[in-house]
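These notes are about the structure you will find just below.
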Amino acid sequence: MSITRSANPPRSVFIDLPLGHTSGMPHDRNGQRSIVSQALIAGAAMTEPGTIDQLDFTFVDDDWKADPLSWSRKRQSAGQTRTRGGDSRTGRSAQPVFQDEADAAAAEGISWDEQCLVCIGLQPPD
Amino acid sequence: MTSHPSEMISGRSSLPAADYIAETRRLYDSLGYDSYRWADERATPAPWAAIDKPLSQSRILLIGSGGLYRHGQIAFHTKDDTSIRLIASDTPTDELRTAHFAYDQTDARTDPNCVFPLDVLRAMVDDSELGGLTESAVAFMGGVYSTRRLREETVPLILEQCHRQEPDLVLLVPV
């Protein structure tokens with residue numbers, strides 16, 4: 001909410017779920033649909049620039065709020081969400097961070113001319 | 001078919017909303033970093049455009065900052081990558097991938113709808129709750145530490161798509 005308020009968008013809704021779950025929990029199609037639908041309806045109904053509505057959704061386990069920046073599914077599975085996780089960000093890389101090797105190979109197989117139609121703002125390879 | 005019980009409950013939490021600015025300050029202090037300088041637009045009046053169509057007749061452009069790319073596309077790098085990816089709105093969800101460094105991607109990689117609700121929007125179109133989707137959605141990797149570069153490099157690319165794709169409404173899903 002503090003970040004949204006700082007950015008001051010014209011219409012916004014705040015959803016109080018763990019980082020990485022802006023539009024809901026995995027495979028929870030009903031919950032995801034409720035969030036997106038309510039967000040669009042609320043946004044369309046706003047009449048004042050800078051309005052922030054909070055949608056009433058709660059993560060089933062409030063433990064994540066003890067450490068919202070580094071709550072993670074893995075740590076939850078390991079029963080570690082009651083302890084602070086410190087810095088959970090991964091290192092940054094100047095090279096593309098493919099999810100798996102098959103993605104890297106598939107991207108390699110597509111010509112630059114095709115890539116630059118969908119990957120906009122990349123520098124062409126030397 | 002495995003059942004996936006919902007991990008959300010309707011109704012507001014009894015705890016206050018997570019304060020990510022305060023949490024980030026605390027983390028950076030503990031790491032000995034300089035304070036992160038958040039974009040602060042509170043003194044700038046938010047721009048406003050009236051909505052003149054019902055949702056059921058509106059074309060939606062989805063924009064997500066979760067680092068989504070499609071299998072076959074070049075993944076984002078994570079050192080201030082300011083480029084964008086066009087994701088055709090009919091892309092099968094199992095071809096969506098994520099590249100980011102600042103959030104736990106486990107769930108987004110299990111189901112991209114957590115941060116990029118394409119299936120959800122398509123279902124809403126099928127049910128006539130929305131008029132349609134633009135030809136492509138837009139994805140970028142929001143972990144860019146330079147507000148200036150975001151404003152000067154990424155924003156113009158996104159704005160160009162906002163004009164080219166001719167949406168009635170834009171849904172920005174930040175991470």
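Lettering and numbering for the structure tokens are positional, with chains as A, B, ... in the shown order, residues counted from 1 in each chain, and ligands counted from 1 in the shown order.
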
| request: Extract the full set of alpha helix (DSSP H) residues from chain B according to DSSP on the backbone, and format it as a ChimeraX atom specification. | output: /B:20-31,106-110,118-126,147-149,155-164

| said: Please list as a list in words every residue within 8 Å of segment 11-15 of chain A, counting only C-alpha atoms and excluding residues in the same chain fewer than 2 positions away. | reply: Met1, Thr4, Pro9, Leu17, Thr22, Ala39, Ala42, Gly43, Met46, Pro49, Gly50, Thr51, Ile52, Asp53, Gln54, Leu55, Asp56 and Phe57 of chain A

Keeping C-alpha atoms for every residue in the selection just given, could you write it to a file as a PDB file, in the first residue's frame?
ATOM      1  CA  MET A   1       0.000   0.000   0.000  1.00  0.00           C
ATOM      2  CA  THR A   4       1.127   2.327  -4.366  1.00  0.00           C
ATOM      3  CA  PRO A   9      -1.589   6.016  -9.909  1.00  0.00           C
ATOM      4  CA  LEU A  17      -1.354 -11.027  -0.349  1.00  0.00           C
ATOM      5  CA  THR A  22      -0.783  -9.916  -6.963  1.00  0.00           C
ATOM      6  CA  ALA A  39     -10.304  -4.889  -9.240  1.00  0.00           C
ATOM      7  CA  ALA A  42     -13.740  -1.076  -8.456  1.00  0.00           C
ATOM      8  CA  GLY A  43     -11.364   0.764 -10.797  1.00  0.00           C
ATOM      9  CA  MET A  46     -13.709   5.367  -9.154  1.00  0.00           C
ATOM     10  CA  PRO A  49      -7.767  10.506  -9.262  1.00  0.00           C
ATOM     11  CA  GLY A  50      -5.439   8.802  -6.772  1.00  0.00           C
ATOM     12  CA  THR A  51      -8.118   6.537  -5.291  1.00  0.00           C
ATOM     13  CA  ILE A  52      -6.828   3.324  -3.664  1.00  0.00           C
ATOM     14  CA  ASP A  53      -9.446   0.702  -2.767  1.00  0.00           C
ATOM     15  CA  GLN A  54      -8.432  -2.244  -0.641  1.00  0.00           C
ATOM     16  CA  LEU A  55      -9.964  -5.529  -1.760  1.00  0.00           C
ATOM     17  CA  ASP A  56     -10.884  -7.839   1.088  1.00  0.00           C
ATOM     18  CA  PHE A  57      -8.734 -10.887   0.464  1.00  0.00           C
TER      19      PHE A  57
END

| task | Using only C-alpha atoms, determine which residues lie at most 8 Å from segment 134-150 of chain B, disregarding the query and same-chain residues fewer than 6 positions distant; provide the list as an NGL selection string. | result | :B and (39 or 59-69 or 76 or 78-89 or 99-102 or 158 or 161 or 165-167 or 174-175)

| task | Identify, with DSSP run on backbone atoms, the residues in chain B assigned to strand (DSSP E or B), and express the list as a ChimeraX atom specification. | result | /B:8-10,59-64,66,68-70,84-88,96-98,132-133,136-141,169-173

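Candidate residues A:Arg33, A:Lys65, A:Pro26, A:Gly20 were compared for distance to Val125 of chain B, and the nearest is A:Arg33, using only C-alpha atoms.
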
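Taking only C-alpha atoms into account, chain B lies nearest to A:Pro96 out of the set A:Pro96, A:Gly109, A:Pro18, A:Pro125.
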
| said: Can you pull out the residues contacting Arg26 of chain B? Cut-off 12 Å, using only C-alpha atoms, and skip same-chain residues under 3 positions away; I want them as JSON, numbers by chain. | reply: {"A": [67, 68, 69, 84, 86, 87], "B": [19, 20, 21, 22, 23, 29, 30, 31, 32, 33, 34, 35, 36]}
